[in-house]
Amino acid sequence: MVPLFRLKTYLLVFIFYKTILLASTMIAILFMLLEVPFSSIIALKLVFIGLFILRFSYSRYSKDLVLYQNFGISKLCLLSISFAIDFLISAIIYILFFS
């Protein structure tokens, strides 16, 4: 739990999250334009995070996460914080433009 209280952890998570930021935001905006309920959008994003967990559970792809593990960030922590950032961005977009 100690890495959660360091700013470097969030900077590293954001570096990881940048790879999926554009796609995730565009999917959220598209579904919001189609008037899909916000809870369904969040459920879909949870499914995507689950797929990322499955992807990085294989040893071939788990080597991509060595940088984060060297700083004490586990796979689950990395993906959980990424989901939290994604949820926050989606909620802000929804509140500002679609409510």
# chains A, B, ... in the order shown; residues from 1 in each chain; ligands from 1
$ residues_around --residues "stretch 22-27 of chain A" --least-positions-apart "2" --cutoff "8 Å" --atoms "only C-alpha atoms" --output "list in words"
Lys18, Thr19, Ile20, Ile29, Leu30, Phe31, Lys45, Asp86, Ile89 and Ser90 of chain A
$ residues_around --residues "A:Phe48" --least-positions-apart "5" --cutoff "10 Å" --atoms "only C-alpha atoms" --output "list in words"
Ser24, Ile42, Ala43, Ile53, Leu54 and Phe83 of chain A
$ write_last_selection --atoms "N, CA and C atoms" --output "PDB file, in the first residue's frame"
ATOM      1  N   SER A  24     -10.008   4.988 -25.180  1.00  0.00           N
ATOM      2  CA  SER A  24     -11.009   4.899 -24.129  1.00  0.00           C
ATOM      3  C   SER A  24     -11.919   6.128 -24.103  1.00  0.00           C
ATOM      4  N   ILE A  42     -19.377   2.393 -17.886  1.00  0.00           N
ATOM      5  CA  ILE A  42     -18.414   2.026 -16.851  1.00  0.00           C
ATOM      6  C   ILE A  42     -18.251   0.506 -16.794  1.00  0.00           C
ATOM      7  N   ALA A  43     -19.338  -0.235 -16.957  1.00  0.00           N
ATOM      8  CA  ALA A  43     -19.244  -1.699 -16.968  1.00  0.00           C
ATOM      9  C   ALA A  43     -18.395  -2.175 -18.140  1.00  0.00           C
ATOM     10  N   ILE A  53      -5.930  -7.242 -17.717  1.00  0.00           N
ATOM     11  CA  ILE A  53      -5.387  -8.118 -16.673  1.00  0.00           C
ATOM     12  C   ILE A  53      -5.058  -9.492 -17.271  1.00  0.00           C
ATOM     13  N   LEU A  54      -5.959 -10.008 -18.100  1.00  0.00           N
ATOM     14  CA  LEU A  54      -5.693 -11.290 -18.754  1.00  0.00           C
ATOM     15  C   LEU A  54      -4.493 -11.200 -19.687  1.00  0.00           C
ATOM     16  N   PHE A  83      -8.024   2.372 -14.112  1.00  0.00           N
ATOM     17  CA  PHE A  83      -9.480   2.401 -14.190  1.00  0.00           C
ATOM     18  C   PHE A  83     -10.044   3.605 -13.448  1.00  0.00           C
TER      19      PHE A  83
END
$ residues_around --residues "A:Phe14" --least-positions-apart "4" --cutoff "10 Å" --atoms "only C-alpha atoms" --output "ChimeraX atom specification"
/A:8-10,18-19,21,78,81-82,85
$ residues_around --residues "A:Gly72" --least-positions-apart "5" --cutoff "12 Å" --atoms "only C-alpha atoms" --output "ChimeraX atom specification"
/A:1-6,8-9,12-13,65-67,77-78
$ atom_distance --atom1 "atom CA of A:Tyr17" --atom2 "atom CA of A:Leu79"
8.7 Å
$ closest_residue --among "A:Tyr68, A:Phe87, A:Phe98, A:Phe56" --to "A:Leu34" --atoms "only C-alpha atoms"
A:Phe98
$ atom_distance --atom1 "atom CA of A:Tyr94" --atom2 "atom CA of A:Ala28"
8.8 Å
$ decode --residues "stretch 43-79 of chain A" --atoms "N, CA and C atoms" --output "PDB file, in the first residue's frame"
ATOM      1  N   ALA A  43     -19.338  -0.235 -16.957  1.00  0.00           N
ATOM      2  CA  ALA A  43     -19.244  -1.699 -16.968  1.00  0.00           C
ATOM      3  C   ALA A  43     -18.395  -2.175 -18.140  1.00  0.00           C
ATOM      4  N   LEU A  44     -18.549  -1.547 -19.302  1.00  0.00           N
ATOM      5  CA  LEU A  44     -17.741  -1.891 -20.464  1.00  0.00           C
ATOM      6  C   LEU A  44     -16.265  -1.598 -20.202  1.00  0.00           C
ATOM      7  N   LYS A  45     -15.990  -0.491 -19.543  1.00  0.00           N
ATOM      8  CA  LYS A  45     -14.599  -0.159 -19.224  1.00  0.00           C
ATOM      9  C   LYS A  45     -14.014  -1.146 -18.218  1.00  0.00           C
ATOM     10  N   LEU A  46     -14.832  -1.658 -17.303  1.00  0.00           N
ATOM     11  CA  LEU A  46     -14.370  -2.700 -16.385  1.00  0.00           C
ATOM     12  C   LEU A  46     -14.009  -3.975 -17.141  1.00  0.00           C
ATOM     13  N   VAL A  47     -14.792  -4.292 -18.171  1.00  0.00           N
ATOM     14  CA  VAL A  47     -14.489  -5.457 -19.001  1.00  0.00           C
ATOM     15  C   VAL A  47     -13.158  -5.256 -19.707  1.00  0.00           C
ATOM     16  N   PHE A  48     -12.918  -4.060 -20.232  1.00  0.00           N
ATOM     17  CA  PHE A  48     -11.642  -3.778 -20.893  1.00  0.00           C
ATOM     18  C   PHE A  48     -10.474  -3.899 -19.925  1.00  0.00           C
ATOM     19  N   ILE A  49     -10.633  -3.422 -18.709  1.00  0.00           N
ATOM     20  CA  ILE A  49      -9.569  -3.562 -17.711  1.00  0.00           C
ATOM     21  C   ILE A  49      -9.349  -5.043 -17.392  1.00  0.00           C
ATOM     22  N   GLY A  50     -10.431  -5.813 -17.330  1.00  0.00           N
ATOM     23  CA  GLY A  50     -10.297  -7.258 -17.128  1.00  0.00           C
ATOM     24  C   GLY A  50      -9.519  -7.924 -18.250  1.00  0.00           C
ATOM     25  N   LEU A  51      -9.758  -7.478 -19.490  1.00  0.00           N
ATOM     26  CA  LEU A  51      -8.999  -8.018 -20.622  1.00  0.00           C
ATOM     27  C   LEU A  51      -7.525  -7.641 -20.528  1.00  0.00           C
ATOM     28  N   PHE A  52      -7.236  -6.438 -20.041  1.00  0.00           N
ATOM     29  CA  PHE A  52      -5.846  -6.047 -19.838  1.00  0.00           C
ATOM     30  C   PHE A  52      -5.187  -6.918 -18.771  1.00  0.00           C
ATOM     31  N   ILE A  53      -5.930  -7.242 -17.717  1.00  0.00           N
ATOM     32  CA  ILE A  53      -5.387  -8.118 -16.673  1.00  0.00           C
ATOM     33  C   ILE A  53      -5.058  -9.492 -17.271  1.00  0.00           C
ATOM     34  N   LEU A  54      -5.959 -10.008 -18.100  1.00  0.00           N
ATOM     35  CA  LEU A  54      -5.693 -11.290 -18.754  1.00  0.00           C
ATOM     36  C   LEU A  54      -4.493 -11.200 -19.687  1.00  0.00           C
ATOM     37  N   ARG A  55      -4.388 -10.109 -20.413  1.00  0.00           N
ATOM     38  CA  ARG A  55      -3.270  -9.944 -21.346  1.00  0.00           C
ATOM     39  C   ARG A  55      -1.943  -9.935 -20.613  1.00  0.00           C
ATOM     40  N   PHE A  56      -1.875  -9.209 -19.510  1.00  0.00           N
ATOM     41  CA  PHE A  56      -0.610  -9.090 -18.802  1.00  0.00           C
ATOM     42  C   PHE A  56      -0.355 -10.251 -17.853  1.00  0.00           C
ATOM     43  N   SER A  57      -1.275 -11.201 -17.752  1.00  0.00           N
ATOM     44  CA  SER A  57      -1.021 -12.362 -16.913  1.00  0.00           C
ATOM     45  C   SER A  57      -0.128 -13.378 -17.624  1.00  0.00           C
ATOM     46  N   TYR A  58      -0.080 -13.314 -18.946  1.00  0.00           N
ATOM     47  CA  TYR A  58       0.813 -14.196 -19.682  1.00  0.00           C
ATOM     48  C   TYR A  58       2.248 -13.697 -19.553  1.00  0.00           C
ATOM     49  N   SER A  59       3.176 -14.630 -19.470  1.00  0.00           N
ATOM     50  CA  SER A  59       4.566 -14.257 -19.206  1.00  0.00           C
ATOM     51  C   SER A  59       5.171 -13.437 -20.343  1.00  0.00           C
ATOM     52  N   ARG A  60       4.722 -13.638 -21.558  1.00  0.00           N
ATOM     53  CA  ARG A  60       5.281 -12.898 -22.686  1.00  0.00           C
ATOM     54  C   ARG A  60       4.987 -11.403 -22.582  1.00  0.00           C
ATOM     55  N   TYR A  61       3.790 -11.048 -22.128  1.00  0.00           N
ATOM     56  CA  TYR A  61       3.418  -9.644 -22.009  1.00  0.00           C
ATOM     57  C   TYR A  61       3.740  -9.070 -20.629  1.00  0.00           C
ATOM     58  N   SER A  62       3.958  -9.934 -19.673  1.00  0.00           N
ATOM     59  CA  SER A  62       4.226  -9.430 -18.335  1.00  0.00           C
ATOM     60  C   SER A  62       5.586  -8.755 -18.254  1.00  0.00           C
ATOM     61  N   LYS A  63       6.462  -9.024 -19.203  1.00  0.00           N
ATOM     62  CA  LYS A  63       7.766  -8.354 -19.244  1.00  0.00           C
ATOM     63  C   LYS A  63       7.623  -6.866 -19.560  1.00  0.00           C
ATOM     64  N   ASP A  64       6.500  -6.472 -20.152  1.00  0.00           N
ATOM     65  CA  ASP A  64       6.258  -5.052 -20.438  1.00  0.00           C
ATOM     66  C   ASP A  64       6.043  -4.248 -19.164  1.00  0.00           C
ATOM     67  N   LEU A  65       5.736  -4.917 -18.079  1.00  0.00           N
ATOM     68  CA  LEU A  65       5.421  -4.236 -16.826  1.00  0.00           C
ATOM     69  C   LEU A  65       6.573  -4.241 -15.828  1.00  0.00           C
ATOM     70  N   VAL A  66       7.762  -4.612 -16.266  1.00  0.00           N
ATOM     71  CA  VAL A  66       8.906  -4.680 -15.358  1.00  0.00           C
ATOM     72  C   VAL A  66       9.231  -3.312 -14.771  1.00  0.00           C
ATOM     73  N   LEU A  67       9.123  -2.256 -15.559  1.00  0.00           N
ATOM     74  CA  LEU A  67       9.398  -0.904 -15.066  1.00  0.00           C
ATOM     75  C   LEU A  67       8.512  -0.577 -13.870  1.00  0.00           C
ATOM     76  N   TYR A  68       7.241  -0.879 -13.987  1.00  0.00           N
ATOM     77  CA  TYR A  68       6.301  -0.562 -12.916  1.00  0.00           C
ATOM     78  C   TYR A  68       6.539  -1.444 -11.691  1.00  0.00           C
ATOM     79  N   GLN A  69       6.891  -2.704 -11.929  1.00  0.00           N
ATOM     80  CA  GLN A  69       7.156  -3.611 -10.815  1.00  0.00           C
ATOM     81  C   GLN A  69       8.436  -3.216 -10.077  1.00  0.00           C
ATOM     82  N   ASN A  70       9.407  -2.639 -10.794  1.00  0.00           N
ATOM     83  CA  ASN A  70      10.627  -2.174 -10.139  1.00  0.00           C
ATOM     84  C   ASN A  70      10.347  -1.021  -9.178  1.00  0.00           C
ATOM     85  N   PHE A  71       9.314  -0.259  -9.424  1.00  0.00           N
ATOM     86  CA  PHE A  71       8.929   0.823  -8.524  1.00  0.00           C
ATOM     87  C   PHE A  71       7.932   0.362  -7.468  1.00  0.00           C
ATOM     88  N   GLY A  72       7.640  -0.923  -7.420  1.00  0.00           N
ATOM     89  CA  GLY A  72       6.769  -1.471  -6.387  1.00  0.00           C
ATOM     90  C   GLY A  72       5.295  -1.416  -6.722  1.00  0.00           C
ATOM     91  N   ILE A  73       4.963  -1.221  -7.988  1.00  0.00           N
ATOM     92  CA  ILE A  73       3.557  -1.146  -8.402  1.00  0.00           C
ATOM     93  C   ILE A  73       3.161  -2.498  -8.987  1.00  0.00           C
ATOM     94  N   SER A  74       2.200  -3.152  -8.375  1.00  0.00           N
ATOM     95  CA  SER A  74       1.755  -4.448  -8.879  1.00  0.00           C
ATOM     96  C   SER A  74       0.863  -4.255 -10.107  1.00  0.00           C
ATOM     97  N   LYS A  75       0.624  -5.354 -10.810  1.00  0.00           N
ATOM     98  CA  LYS A  75      -0.241  -5.301 -11.988  1.00  0.00           C
ATOM     99  C   LYS A  75      -1.649  -4.852 -11.605  1.00  0.00           C
ATOM    100  N   LEU A  76      -2.146  -5.422 -10.523  1.00  0.00           N
ATOM    101  CA  LEU A  76      -3.507  -5.095 -10.089  1.00  0.00           C
ATOM    102  C   LEU A  76      -3.611  -3.626  -9.678  1.00  0.00           C
ATOM    103  N   CYS A  77      -2.614  -3.131  -8.981  1.00  0.00           N
ATOM    104  CA  CYS A  77      -2.600  -1.723  -8.574  1.00  0.00           C
ATOM    105  C   CYS A  77      -2.533  -0.820  -9.800  1.00  0.00           C
ATOM    106  N   LEU A  78      -1.689  -1.173 -10.753  1.00  0.00           N
ATOM    107  CA  LEU A  78      -1.541  -0.381 -11.979  1.00  0.00           C
ATOM    108  C   LEU A  78      -2.852  -0.296 -12.737  1.00  0.00           C
ATOM    109  N   LEU A  79      -3.508  -1.416 -12.906  1.00  0.00           N
ATOM    110  CA  LEU A  79      -4.757  -1.425 -13.664  1.00  0.00           C
ATOM    111  C   LEU A  79      -5.907  -0.813 -12.871  1.00  0.00           C
TER     112      LEU A  79
END
